[in-house]
>>> print(open('my_file-v1.pdb').read())   # PDB, C-alpha atoms
MODEL        1
ATOM      1  CA  MET P   1      46.114  58.955  22.326
ATOM      2  CA  THR P   2      46.381  61.308  25.307
ATOM      3  CA  SER P   3      43.815  61.414  28.116
ATOM      4  CA  GLU P   4      42.513  64.631  29.714
ATOM      5  CA  SER P   5      44.699  63.874  32.753
ATOM      6  CA  GLY P   6      47.861  64.395  30.724
ATOM      7  CA  PHE P   7      49.275  60.895  30.291
ATOM      8  CA  SER P   8      49.417  58.706  27.175
ATOM      9  CA  VAL P   9      46.994  55.813  26.744
ATOM     10  CA  GLU P  10      47.287  53.427  23.803
ATOM     11  CA  ALA P  11      44.003  52.300  22.247
ATOM     12  CA  GLY P  12      42.809  49.037  23.761
ATOM     13  CA  THR P  13      45.299  49.079  26.669
ATOM     14  CA  ALA P  14      44.848  49.842  30.332
ATOM     15  CA  PRO P  15      46.394  53.107  31.580
ATOM     16  CA  ASP P  16      49.709  52.852  33.398
ATOM     17  CA  MET P  17      48.989  52.582  37.148
ATOM     18  CA  ALA P  18      52.055  54.591  38.096
ATOM     19  CA  ALA P  19      50.897  57.456  35.896
ATOM     20  CA  LEU P  20      47.413  57.251  37.391
ATOM     21  CA  ALA P  21      48.876  57.371  40.898
ATOM     22  CA  LYS P  22      50.829  60.503  40.034
ATOM     23  CA  VAL P  23      47.711  62.201  38.688
ATOM     24  CA  VAL P  24      45.739  61.296  41.804
ATOM     25  CA  ALA P  25      48.578  62.569  44.024
ATOM     26  CA  ARG P  26      48.698  65.893  42.141
ATOM     27  CA  GLN P  27      44.941  66.319  42.397
ATOM     28  CA  ARG P  28      45.004  65.489  46.102
ATOM     29  CA  ALA P  29      47.831  67.957  46.727
ATOM     30  CA  GLU P  30      45.945  70.669  44.848
ATOM     31  CA  MET P  31      42.799  69.963  46.870
ATOM     32  CA  ASP P  32      44.767  70.183  50.112
ATOM     33  CA  ARG P  33      46.300  73.474  48.944
ATOM     34  CA  LEU P  34      42.877  74.942  48.143
ATOM     35  CA  GLN P  35      41.446  73.780  51.464
ATOM     36  CA  GLU P  36      44.360  75.327  53.347
ATOM     37  CA  GLN P  37      43.953  78.555  51.385
ATOM     38  CA  ALA P  38      40.253  78.677  52.252
ATOM     39  CA  ALA P  39      41.005  77.990  55.916
ATOM     40  CA  THR P  40      43.631  80.743  55.998
ATOM     41  CA  SER P  41      41.212  83.222  54.453
ATOM     42  CA  ALA P  42      38.574  82.275  57.021
ATOM     43  CA  VAL P  43      40.999  82.923  59.891
ATOM     44  CA  VAL P  44      41.875  86.373  58.545
ATOM     45  CA  GLU P  45      38.228  87.304  58.010
ATOM     46  CA  ARG P  46      37.273  86.054  61.476
ATOM     47  CA  ALA P  47      39.995  88.138  63.122
ATOM     48  CA  LYS P  48      38.997  91.202  61.099
ATOM     49  CA  GLY P  49      35.371  90.699  62.123
ATOM     50  CA  ALA P  50      36.300  90.455  65.792
ATOM     51  CA  LEU P  51      38.241  93.747  65.626
ATOM     52  CA  MET P  52      35.412  95.434  63.722
ATOM     53  CA  ALA P  53      32.835  94.250  66.261
ATOM     54  CA  LEU P  54      34.842  95.494  69.224
ATOM     55  CA  THR P  55      36.199  98.769  67.876
ATOM     56  CA  GLY P  56      33.714  99.747  65.167
ATOM     57  CA  CYS P  57      36.474 100.168  62.581
ATOM     58  CA  SER P  58      36.145  99.454  58.852
ATOM     59  CA  PRO P  59      37.282  96.164  57.238
ATOM     60  CA  GLU P  60      40.222  97.987  55.634
ATOM     61  CA  ALA P  61      41.316  99.495  58.943
ATOM     62  CA  ALA P  62      41.052  96.116  60.711
ATOM     63  CA  HIS P  63      43.174  94.462  58.005
ATOM     64  CA  ASP P  64      45.807  97.220  58.159
ATOM     65  CA  ASP P  65      45.894  96.989  61.950
ATOM     66  CA  LEU P  66      46.530  93.239  61.815
ATOM     67  CA  LEU P  67      49.267  93.700  59.208
ATOM     68  CA  GLN P  68      51.015  96.357  61.300
ATOM     69  CA  ARG P  69      50.938  94.160  64.415
ATOM     70  CA  ALA P  70      52.283  91.175  62.498
ATOM     71  CA  LYS P  71      55.123  93.237  61.037
ATOM     72  CA  ALA P  72      56.027  94.781  64.391
ATOM     73  CA  ALA P  73      56.162  91.370  66.094
ATOM     74  CA  GLY P  74      57.890  89.543  63.236
ATOM     75  CA  ARG P  75      54.934  87.229  62.662
ATOM     76  CA  THR P  76      52.940  86.225  59.605
ATOM     77  CA  LEU P  77      49.468  87.672  59.141
ATOM     78  CA  VAL P  78      47.862  84.306  59.889
ATOM     79  CA  GLU P  79      49.841  83.920  63.115
ATOM     80  CA  GLU P  80      48.765  87.385  64.186
ATOM     81  CA  CYS P  81      45.141  86.527  63.420
ATOM     82  CA  TRP P  82      45.288  83.398  65.592
ATOM     83  CA  ILE P  83      46.754  85.410  68.470
ATOM     84  CA  THR P  84      44.058  88.045  68.017
ATOM     85  CA  LEU P  85      41.271  85.460  68.105
ATOM     86  CA  GLY P  86      42.747  83.918  71.242
ATOM     87  CA  THR P  87      43.215  87.238  73.034
ATOM     88  CA  LEU P  88      40.217  89.385  72.196
ATOM     89  CA  VAL P  89      37.498  89.388  74.834
ATOM     90  CA  THR P  90      34.482  91.549  75.534
ATOM     91  CA  PRO P  91      35.413  94.519  77.702
ATOM     92  CA  PRO P  92      33.053  95.107  80.640
ATOM     93  CA  GLY P  93      30.173  97.404  79.713
ATOM     94  CA  HIS P  94      30.708  96.970  75.969
ATOM     95  CA  HIS P  95      27.890  95.590  73.864
ATOM     96  CA  VAL P  96      28.378  94.885  70.178
ATOM     97  CA  GLY P  97      26.172  97.198  68.206
ATOM     98  CA  GLY P  98      25.574  99.369  71.259
ATOM     99  CA  THR P  99      26.914 102.739  72.254
ATOM    100  CA  ALA P 100      29.110 101.802  75.195
ATOM    101  CA  GLU P 101      32.735 102.780  74.816
ATOM    102  CA  VAL P 102      35.517 100.245  74.480
ATOM    103  CA  SER P 103      37.821 100.031  77.464
ATOM    104  CA  PRO P 104      41.467 100.941  76.906
ATOM    105  CA  ALA P 105      43.816  98.096  76.091
ATOM    106  CA  VAL P 106      45.802  96.577  78.923
ATOM    107  CA  PRO P 107      49.439  95.760  78.071
ATOM    108  CA  PRO P 108      50.000  91.986  77.934
ATOM    109  CA  ALA P 109      51.752  90.498  80.925
ATOM    110  CA  ASP P 110      52.727  87.248  79.177
ATOM    111  CA  PRO P 111      55.950  87.595  77.139
ATOM    112  CA  ALA P 112      54.387  85.383  74.476
ATOM    113  CA  ASP P 113      51.821  88.104  73.912
ATOM    114  CA  GLU P 114      54.384  90.838  73.258
ATOM    115  CA  GLY P 115      53.529  92.613  70.049
ATOM    116  CA  VAL P 116      49.806  92.085  70.531
ATOM    117  CA  ARG P 117      49.191  95.764  70.883
ATOM    118  CA  GLY P 118      45.898  97.570  70.871
ATOM    119  CA  LEU P 119      43.886  94.439  71.670
ATOM    120  CA  VAL P 120      40.864  94.936  73.886
ATOM    121  CA  ARG P 121      41.504  92.870  76.990
ATOM    122  CA  ARG P 122      40.180  92.498  80.492
ATOM    123  CA  PRO P 123      41.241  95.218  82.916
ATOM    124  CA  ALA P 124      43.809  94.232  85.519
ATOM    125  CA  ALA P 125      42.266  92.096  88.228
ATOM    126  CA  SER P 126      43.243  91.738  91.840
ATOM    127  CA  PRO P 127      46.549  89.841  92.285
ATOM    128  CA  GLU P 128      44.915  86.618  93.414
ATOM    129  CA  HIS P 129      42.787  86.464  90.248
ATOM    130  CA  GLN P 130      45.175  87.789  87.642
ATOM    131  CA  ALA P 131      47.022  85.088  85.728
ATOM    132  CA  ALA P 132      45.061  81.846  85.410
ATOM    133  CA  PRO P 133      41.666  82.987  84.002
ATOM    134  CA  GLN P 134      43.309  85.250  81.402
ATOM    135  CA  SER P 135      45.665  82.605  80.020
ATOM    136  CA  SER P 136      43.079  79.795  80.147
ATOM    137  CA  ASP P 137      40.475  81.895  78.336
ATOM    138  CA  SER P 138      42.938  82.766  75.609
ATOM    139  CA  ALA P 139      43.842  79.107  75.165
ATOM    140  CA  VAL P 140      40.189  78.008  75.015
ATOM    141  CA  LEU P 141      39.215  80.680  72.490
ATOM    142  CA  ALA P 142      42.294  80.077  70.354
ATOM    143  CA  ALA P 143      41.594  76.328  70.227
ATOM    144  CA  LEU P 144      37.927  76.972  69.480
ATOM    145  CA  GLY P 145      38.804  79.423  66.711
ATOM    146  CA  ARG P 146      41.067  76.865  65.052
ATOM    147  CA  ALA P 147      38.335  74.213  65.230
ATOM    148  CA  LEU P 148      35.634  76.525  63.888
ATOM    149  CA  VAL P 149      37.627  77.176  60.724
ATOM    150  CA  ARG P 150      37.125  73.508  59.828
ATOM    151  CA  ALA P 151      33.426  73.439  60.759
ATOM    152  CA  GLY P 152      31.559  72.834  57.509
ATOM    153  CA  THR P 153      27.974  72.618  58.798
ATOM    154  CA  PRO P 154      25.914  74.015  61.690
ATOM    155  CA  HIS P 155      26.064  70.562  63.281
ATOM    156  CA  ASP P 156      29.875  70.710  63.120
ATOM    157  CA  LEU P 157      29.710  74.132  64.755
ATOM    158  CA  ALA P 158      27.473  72.840  67.560
ATOM    159  CA  HIS P 159      29.808  69.899  68.226
ATOM    160  CA  CYS P 160      32.849  72.218  68.258
ATOM    161  CA  LEU P 161      31.213  74.474  70.818
ATOM    162  CA  ARG P 162      30.144  71.583  73.016
ATOM    163  CA  GLU P 163      33.585  69.972  72.915
ATOM    164  CA  HIS P 164      35.613  73.100  73.657
ATOM    165  CA  LEU P 165      33.221  74.562  76.247
ATOM    166  CA  ALA P 166      32.562  71.321  78.126
ATOM    167  CA  GLU P 167      35.366  71.698  80.654
ATOM    168  CA  PRO P 168      35.592  75.476  81.205
ATOM    169  CA  VAL P 169      31.827  76.106  81.188
ATOM    170  CA  GLY P 170      30.277  72.729  81.996
ATOM    171  CA  THR P 171      28.459  72.629  78.660
ATOM    172  CA  ASP P 172      26.500  69.407  78.118
ATOM    173  CA  ALA P 173      24.463  70.356  75.055
ATOM    174  CA  VAL P 174      24.345  73.063  72.391
ATOM    175  CA  MET P 175      21.498  74.155  70.108
ATOM    176  CA  LEU P 176      21.746  76.650  67.243
ATOM    177  CA  TYR P 177      18.670  78.523  66.042
ATOM    178  CA  ARG P 178      18.272  80.966  63.193
ATOM    179  CA  ARG P 179      15.526  83.539  62.899
ATOM    180  CA  LEU P 180      13.162  82.933  59.993
ATOM    181  CA  PRO P 181      12.147  85.827  57.691
ATOM    182  CA  ALA P 182       8.490  85.249  58.561
ATOM    183  CA  GLY P 183       9.282  85.148  62.276
ATOM    184  CA  GLY P 184       9.979  82.297  64.620
ATOM    185  CA  LEU P 185      13.037  80.110  64.800
ATOM    186  CA  GLU P 186      14.445  77.090  63.004
ATOM    187  CA  LEU P 187      16.891  74.637  64.553
ATOM    188  CA  MET P 188      20.113  74.672  62.508
ATOM    189  CA  GLY P 189      22.348  72.330  64.457
ATOM    190  CA  HIS P 190      22.650  70.608  67.799
ATOM    191  CA  ALA P 191      25.014  68.507  69.905
ATOM    192  CA  GLY P 192      24.242  66.540  73.067
ATOM    193  CA  VAL P 193      20.531  66.610  72.187
ATOM    194  CA  ASP P 194      18.756  63.439  71.042
ATOM    195  CA  ASP P 195      17.004  63.454  67.673
ATOM    196  CA  THR P 196      13.527  63.066  69.187
ATOM    197  CA  LEU P 197      13.887  66.222  71.263
ATOM    198  CA  ALA P 198      15.479  68.046  68.337
ATOM    199  CA  ASP P 199      12.502  67.162  66.112
ATOM    200  CA  GLN P 200      10.076  68.394  68.761
ATOM    201  CA  TRP P 201      11.825  71.764  68.893
ATOM    202  CA  ARG P 202      12.869  72.036  65.249
ATOM    203  CA  HIS P 203      10.517  74.978  64.622
ATOM    204  CA  VAL P 204       9.606  77.548  67.262
ATOM    205  CA  PRO P 205       6.752  79.965  66.435
ATOM    206  CA  PRO P 206       7.170  83.704  67.072
ATOM    207  CA  LEU P 207       5.702  83.620  70.573
ATOM    208  CA  SER P 208       6.484  85.635  73.646
ATOM    209  CA  GLY P 209       8.363  83.792  76.335
ATOM    210  CA  VAL P 210      11.028  82.299  74.069
ATOM    211  CA  ALA P 211      14.470  83.016  75.508
ATOM    212  CA  ALA P 212      16.289  82.590  72.184
ATOM    213  CA  LEU P 213      13.993  85.120  70.486
ATOM    214  CA  ASP P 214      14.393  87.440  73.445
ATOM    215  CA  ALA P 215      18.185  87.289  73.058
ATOM    216  CA  LEU P 216      17.932  88.006  69.324
ATOM    217  CA  ASP P 217      15.511  90.910  69.790
ATOM    218  CA  THR P 218      17.625  92.612  72.444
ATOM    219  CA  GLY P 219      21.063  91.594  71.165
ATOM    220  CA  GLU P 220      21.922  90.556  74.731
ATOM    221  CA  PRO P 221      22.483  87.104  76.262
ATOM    222  CA  ARG P 222      19.814  85.538  78.399
ATOM    223  CA  TRP P 223      21.140  83.725  81.470
ATOM    224  CA  LEU P 224      18.648  81.162  82.799
ATOM    225  CA  GLU P 225      19.976  80.136  86.194
ATOM    226  CA  ASN P 226      16.902  79.512  88.346
ATOM    227  CA  LEU P 227      14.724  76.734  86.959
ATOM    228  CA  ALA P 228      11.621  77.597  88.989
ATOM    229  CA  GLU P 229      11.644  81.282  88.054
ATOM    230  CA  ASP P 230      12.717  80.669  84.455
ATOM    231  CA  SER P 231       9.889  78.135  83.930
ATOM    232  CA  GLU P 232       7.349  80.846  84.714
ATOM    233  CA  ARG P 233       8.923  83.311  82.296
ATOM    234  CA  TYR P 234      10.073  81.158  79.376
ATOM    235  CA  LEU P 235       9.220  78.025  77.428
ATOM    236  CA  LEU P 236      12.048  75.717  78.433
ATOM    237  CA  ILE P 237      13.511  73.029  76.193
ATOM    238  CA  GLY P 238      13.980  69.586  77.715
ATOM    239  CA  ASP P 239      12.113  66.396  78.532
ATOM    240  CA  PRO P 240      12.109  66.808  81.423
ATOM    241  CA  VAL P 241      13.200  70.427  81.695
ATOM    242  CA  GLU P 242      15.081  69.520  84.887
ATOM    243  CA  ARG P 243      17.623  67.806  82.662
ATOM    244  CA  TRP P 244      19.360  71.166  82.272
ATOM    245  CA  PRO P 245      18.957  73.273  85.443
ATOM    246  CA  SER P 246      20.970  76.142  83.942
ATOM    247  CA  ARG P 247      21.197  77.363  80.375
ATOM    248  CA  ALA P 248      22.122  80.447  78.380
ATOM    249  CA  TRP P 249      21.118  81.938  75.030
ATOM    250  CA  LEU P 250      23.668  84.101  73.253
ATOM    251  CA  PRO P 251      23.017  86.136  70.102
ATOM    252  CA  VAL P 252      25.553  85.840  67.305
ATOM    253  CA  VAL P 253      25.828  89.399  66.054
ATOM    254  CA  GLY P 254      26.703  89.832  62.388
ATOM    255  CA  GLY P 255      26.647  93.427  61.201
ATOM    256  CA  SER P 256      24.011  95.433  63.054
ATOM    257  CA  GLN P 257      21.681  92.546  63.936
ATOM    258  CA  ALA P 258      21.707  89.053  65.355
ATOM    259  CA  HIS P 259      20.007  86.324  63.337
ATOM    260  CA  VAL P 260      21.466  83.254  65.047
ATOM    261  CA  ALA P 261      21.205  82.291  68.721
ATOM    262  CA  ILE P 262      23.426  79.791  70.521
ATOM    263  CA  GLY P 263      21.870  77.784  73.327
ATOM    264  CA  VAL P 264      24.281  76.421  75.962
ATOM    265  CA  PHE P 265      22.788  73.821  78.323
ATOM    266  CA  ARG P 266      24.294  72.555  81.581
ATOM    267  CA  SER P 267      23.261  69.550  83.688
ATOM    268  CA  ARG P 268      24.461  71.389  86.775
ATOM    269  CA  GLY P 269      22.566  74.229  88.387
ATOM    270  CA  GLY P 270      23.751  77.535  89.706
ATOM    271  CA  PRO P 271      24.632  80.856  88.132
ATOM    272  CA  PHE P 272      27.028  81.542  85.289
ATOM    273  CA  THR P 273      29.967  83.346  86.859
ATOM    274  CA  ALA P 274      31.222  86.624  85.414
ATOM    275  CA  HIS P 275      34.258  84.772  84.106
ATOM    276  CA  THR P 276      32.071  82.108  82.411
ATOM    277  CA  ARG P 277      29.772  84.720  80.890
ATOM    278  CA  GLU P 278      32.727  86.546  79.398
ATOM    279  CA  LEU P 279      34.120  83.339  77.931
ATOM    280  CA  LEU P 280      30.750  82.484  76.344
ATOM    281  CA  ARG P 281      30.484  85.971  74.856
ATOM    282  CA  GLY P 282      33.930  85.493  73.325
ATOM    283  CA  ALA P 283      32.861  82.145  71.867
ATOM    284  CA  ALA P 284      29.735  83.693  70.343
ATOM    285  CA  ARG P 285      31.850  86.436  68.794
ATOM    286  CA  LEU P 286      34.095  83.826  67.168
ATOM    287  CA  CYS P 287      31.017  82.200  65.633
ATOM    288  CA  ALA P 288      30.067  85.502  63.989
TER     289      ALA P 288
ENDMDL
END
>>> encode(input="my_file-v1.pdb", output="structure tokens")
Amino acid sequence: MTSESGFSVEAGTAPDMAALAKVVARQRAEMDRLQEQAATSAVVERAKGALMALTGCSPEAAHDDLLQRAKAAGRTLVEECWITLGTLVTPPGHHVGGTAEVSPAVPPADPADEGVRGLVRRPAASPEHQAAPQSSDSAVLAALGRALVRAGTPHDLAHCLREHLAEPVGTDAVMLYRRLPAGGLELMGHAGVDDTLADQWRHVPPLSGVAALDALDTGEPRWLENLAEDSERYLLIGDPVERWPSRAWLPVVGGSQAHVAIGVFRSRGGPFTAHTRELLRGAARLCA
């Protein structure tokens, strides 16, 4: 008699353990192959989406552009996609879905970036501010992009964001909300927020004075940097609200609209610098 797994089993006898081990090993290898294939596809689609969001090109044009860059630099398509995700940033004055023009590309100064042509990058800064922010941002976004590919749930996504943005941004907590069809918001995932507080803010009605809704309606981030002023304008999450003196809400734009908002909470006060804002915009674009 032959089992469905492909090895012979005599009636009334136990299957050979070595044969079973081989079957399990083959199945595990096939599962790993499928998972790697899915991860690779996700990287390619994420890089295409980033190019489409920044340049307004079609999916086909974005894919062709990535292929041409990979060929010119002697890299695989996946390698080119990782470099793209780690290098693309929001040019000043550009808003996804808006009408502002994309700034011209700046040739890469790092030899490791040679071949990354046509990417939208920050304009040249003054000499004393040139090298470190650019390279560190690229490294943070590249590491975040790799981690996001493996994020299977919104909670995984929230933990990835908190982990990778803790040092460069000072992120202590992250909350993810999605807009409901009937209006209002529903909490999708969170990290650095206790379950009691999460339950209290699991559903947010469609009221005025909700920063996350404001960010979704306008398609623009909301930077809450002055607790006294922000408390008068918005309903602030926190018990007490002083737990996070500064916070930001960033829309995740997919297509022409944003349906998910990322909340970034910091236990330190003060404004989000221009450099930090740009890094957070890049992180939100990766999540799209």
>>> atom_distance(input="my_file-v1.pdb", atom1="CA of Pro271 (chain P)", atom2="CA of Leu161 (chain P)")
19.6 Å
>>> resolve_selection(input="my_file-v1.pdb", expression="the PyMOL selection byres ((chain P and resi 227) around 10)", output="CSV table (one decimal) with C-alpha atoms, keeping the file's coordinate frame")
chain,number,residue,atom,x,y,z
P,224,LEU,CA,18.6,81.2,82.8
P,225,GLU,CA,20.0,80.1,86.2
P,226,ASN,CA,16.9,79.5,88.3
P,228,ALA,CA,11.6,77.6,89.0
P,229,GLU,CA,11.6,81.3,88.1
P,230,ASP,CA,12.7,80.7,84.5
P,231,SER,CA,9.9,78.1,83.9
P,232,GLU,CA,7.3,80.8,84.7
P,233,ARG,CA,8.9,83.3,82.3
P,234,TYR,CA,10.1,81.2,79.4
P,236,LEU,CA,12.0,75.7,78.4
P,241,VAL,CA,13.2,70.4,81.7
P,242,GLU,CA,15.1,69.5,84.9
P,244,TRP,CA,19.4,71.2,82.3
P,245,PRO,CA,19.0,73.3,85.4
P,246,SER,CA,21.0,76.1,83.9
P,247,ARG,CA,21.2,77.4,80.4
P,269,GLY,CA,22.6,74.2,88.4
P,270,GLY,CA,23.8,77.5,89.7
>>> resolve_selection(input="my_file-v1.pdb", expression="the PyMOL selection byres ((chain P and resi 167-171) around 10)", output="short mmCIF file (atom, residue, chain, number, x, y, z; two decimals) with C-alpha atoms, in the frame of the given file")
data_model
loop_
_atom_site.label_atom_id
_atom_site.label_comp_id
_atom_site.auth_asym_id
_atom_site.auth_seq_id
_atom_site.Cartn_x
_atom_site.Cartn_y
_atom_site.Cartn_z
CA SER P 136 43.08 79.80 80.15
CA ASP P 137 40.48 81.90 78.34
CA VAL P 140 40.19 78.01 75.02
CA LEU P 161 31.21 74.47 70.82
CA ARG P 162 30.14 71.58 73.02
CA GLU P 163 33.58 69.97 72.92
CA HIS P 164 35.61 73.10 73.66
CA LEU P 165 33.22 74.56 76.25
CA ALA P 166 32.56 71.32 78.13
CA ASP P 172 26.50 69.41 78.12
CA ALA P 173 24.46 70.36 75.06
CA VAL P 174 24.34 73.06 72.39
CA GLY P 192 24.24 66.54 73.07
CA TRP P 244 19.36 71.17 82.27
CA SER P 246 20.97 76.14 83.94
CA ARG P 247 21.20 77.36 80.38
CA GLY P 263 21.87 77.78 73.33
CA VAL P 264 24.28 76.42 75.96
CA PHE P 265 22.79 73.82 78.32
CA ARG P 266 24.29 72.56 81.58
CA SER P 267 23.26 69.55 83.69
CA ARG P 268 24.46 71.39 86.78
CA PHE P 272 27.03 81.54 85.29
CA THR P 273 29.97 83.35 86.86
CA HIS P 275 34.26 84.77 84.11
CA THR P 276 32.07 82.11 82.41
CA ARG P 277 29.77 84.72 80.89
CA LEU P 279 34.12 83.34 77.93
CA LEU P 280 30.75 82.48 76.34
#
>>> closest_residue(input="my_file-v1.pdb", among="P:Asp239, P:Glu186, P:Glu79, P:Asp194", to="Ala212 (chain P)", atoms="all atoms listed in the file")
P:Glu186
>>> atom_distance(input="my_file-v1.pdb", atom1="CA of Asp199 (chain P)", atom2="CA of Gly184 (chain P)")
15.4 Å
>>> atom_distance(input="my_file-v1.pdb", atom1="CA of Ala182 (chain P)", atom2="CA of Val252 (chain P)")
19.2 Å
>>> resolve_selection(input="my_file-v1.pdb", expression="the PyMOL selection byres ((chain P and resi 44) around 9)", output="PyMOL selection string")
chain P and resi 39-43+45-49+63+66+77-78+80-82
>>> write_last_selection(input="my_file-v1.pdb", atoms="C-alpha atoms", output="CSV table (one decimal), in the coordinates of the input")
chain,number,residue,atom,x,y,z
P,39,ALA,CA,41.0,78.0,55.9
P,40,THR,CA,43.6,80.7,56.0
P,41,SER,CA,41.2,83.2,54.5
P,42,ALA,CA,38.6,82.3,57.0
P,43,VAL,CA,41.0,82.9,59.9
P,45,GLU,CA,38.2,87.3,58.0
P,46,ARG,CA,37.3,86.1,61.5
P,47,ALA,CA,40.0,88.1,63.1
P,48,LYS,CA,39.0,91.2,61.1
P,49,GLY,CA,35.4,90.7,62.1
P,63,HIS,CA,43.2,94.5,58.0
P,66,LEU,CA,46.5,93.2,61.8
P,77,LEU,CA,49.5,87.7,59.1
P,78,VAL,CA,47.9,84.3,59.9
P,80,GLU,CA,48.8,87.4,64.2
P,81,CYS,CA,45.1,86.5,63.4
P,82,TRP,CA,45.3,83.4,65.6
>>> residues_around(input="my_file-v1.pdb", residues="Leu176 (chain P)", least_positions_apart="3", cutoff="9 Å", atoms="only C-alpha atoms", output="number ranges by chain")
P: 154-155, 157-158, 186-190, 260-263
>>> closest_residue(input="my_file-v1.pdb", among="P:Ala18, P:Gln200, P:Trp249, P:Ala288", to="Met175 (chain P)", atoms="all atoms listed in the file")
P:Trp249
>>> decode(input="my_file-v1.pdb", residues="region 205-211 of chain P", atoms="all heavy atoms", output="mmCIF file, in the first residue's frame")
data_model
loop_
_atom_site.group_PDB
_atom_site.id
_atom_site.type_symbol
_atom_site.label_atom_id
_atom_site.label_comp_id
_atom_site.auth_asym_id
_atom_site.auth_seq_id
_atom_site.Cartn_x
_atom_site.Cartn_y
_atom_site.Cartn_z
ATOM 1 N N PRO P 205 -15.496 57.763 17.286
ATOM 2 C CA PRO P 205 -16.610 58.225 16.445
ATOM 3 C C PRO P 205 -16.171 59.341 15.506
ATOM 4 O O PRO P 205 -15.142 59.995 15.730
ATOM 5 C CB PRO P 205 -17.632 58.721 17.474
ATOM 6 C CG PRO P 205 -16.832 59.063 18.680
ATOM 7 C CD PRO P 205 -15.684 58.106 18.704
ATOM 8 N N PRO P 206 -16.940 59.575 14.450
ATOM 9 C CA PRO P 206 -16.577 60.622 13.476
ATOM 10 C C PRO P 206 -16.848 62.019 14.022
ATOM 11 O O PRO P 206 -17.789 62.711 13.628
ATOM 12 C CB PRO P 206 -17.469 60.302 12.270
ATOM 13 C CG PRO P 206 -18.655 59.622 12.858
ATOM 14 C CD PRO P 206 -18.158 58.839 14.038
ATOM 15 N N LEU P 207 -16.015 62.456 14.946
ATOM 16 C CA LEU P 207 -16.169 63.760 15.575
ATOM 17 C C LEU P 207 -15.131 64.732 15.031
ATOM 18 O O LEU P 207 -14.091 64.338 14.498
ATOM 19 C CB LEU P 207 -15.981 63.636 17.095
ATOM 20 C CG LEU P 207 -16.919 62.676 17.837
ATOM 21 C CD1 LEU P 207 -16.473 62.539 19.291
ATOM 22 C CD2 LEU P 207 -18.355 63.155 17.760
ATOM 23 N N SER P 208 -15.396 65.998 15.198
ATOM 24 C CA SER P 208 -14.374 66.989 14.896
ATOM 25 C C SER P 208 -13.370 66.991 16.045
ATOM 26 O O SER P 208 -13.679 66.593 17.168
ATOM 27 C CB SER P 208 -15.002 68.370 14.746
ATOM 28 O OG SER P 208 -15.677 68.747 15.946
ATOM 29 N N GLY P 209 -12.172 67.436 15.759
ATOM 30 C CA GLY P 209 -11.164 67.470 16.798
ATOM 31 C C GLY P 209 -10.459 66.155 17.017
ATOM 32 O O GLY P 209 -9.945 65.899 18.106
ATOM 33 N N VAL P 210 -10.431 65.302 15.985
ATOM 34 C CA VAL P 210 -9.685 64.048 16.043
ATOM 35 C C VAL P 210 -8.529 64.168 15.052
ATOM 36 O O VAL P 210 -8.757 64.240 13.838
ATOM 37 C CB VAL P 210 -10.580 62.837 15.698
ATOM 38 C CG1 VAL P 210 -9.751 61.548 15.685
ATOM 39 C CG2 VAL P 210 -11.720 62.723 16.704
ATOM 40 N N ALA P 211 -7.312 64.190 15.568
ATOM 41 C CA ALA P 211 -6.150 64.454 14.714
ATOM 42 C C ALA P 211 -5.978 63.399 13.634
ATOM 43 O O ALA P 211 -5.610 63.715 12.497
ATOM 44 C CB ALA P 211 -4.888 64.540 15.571
#
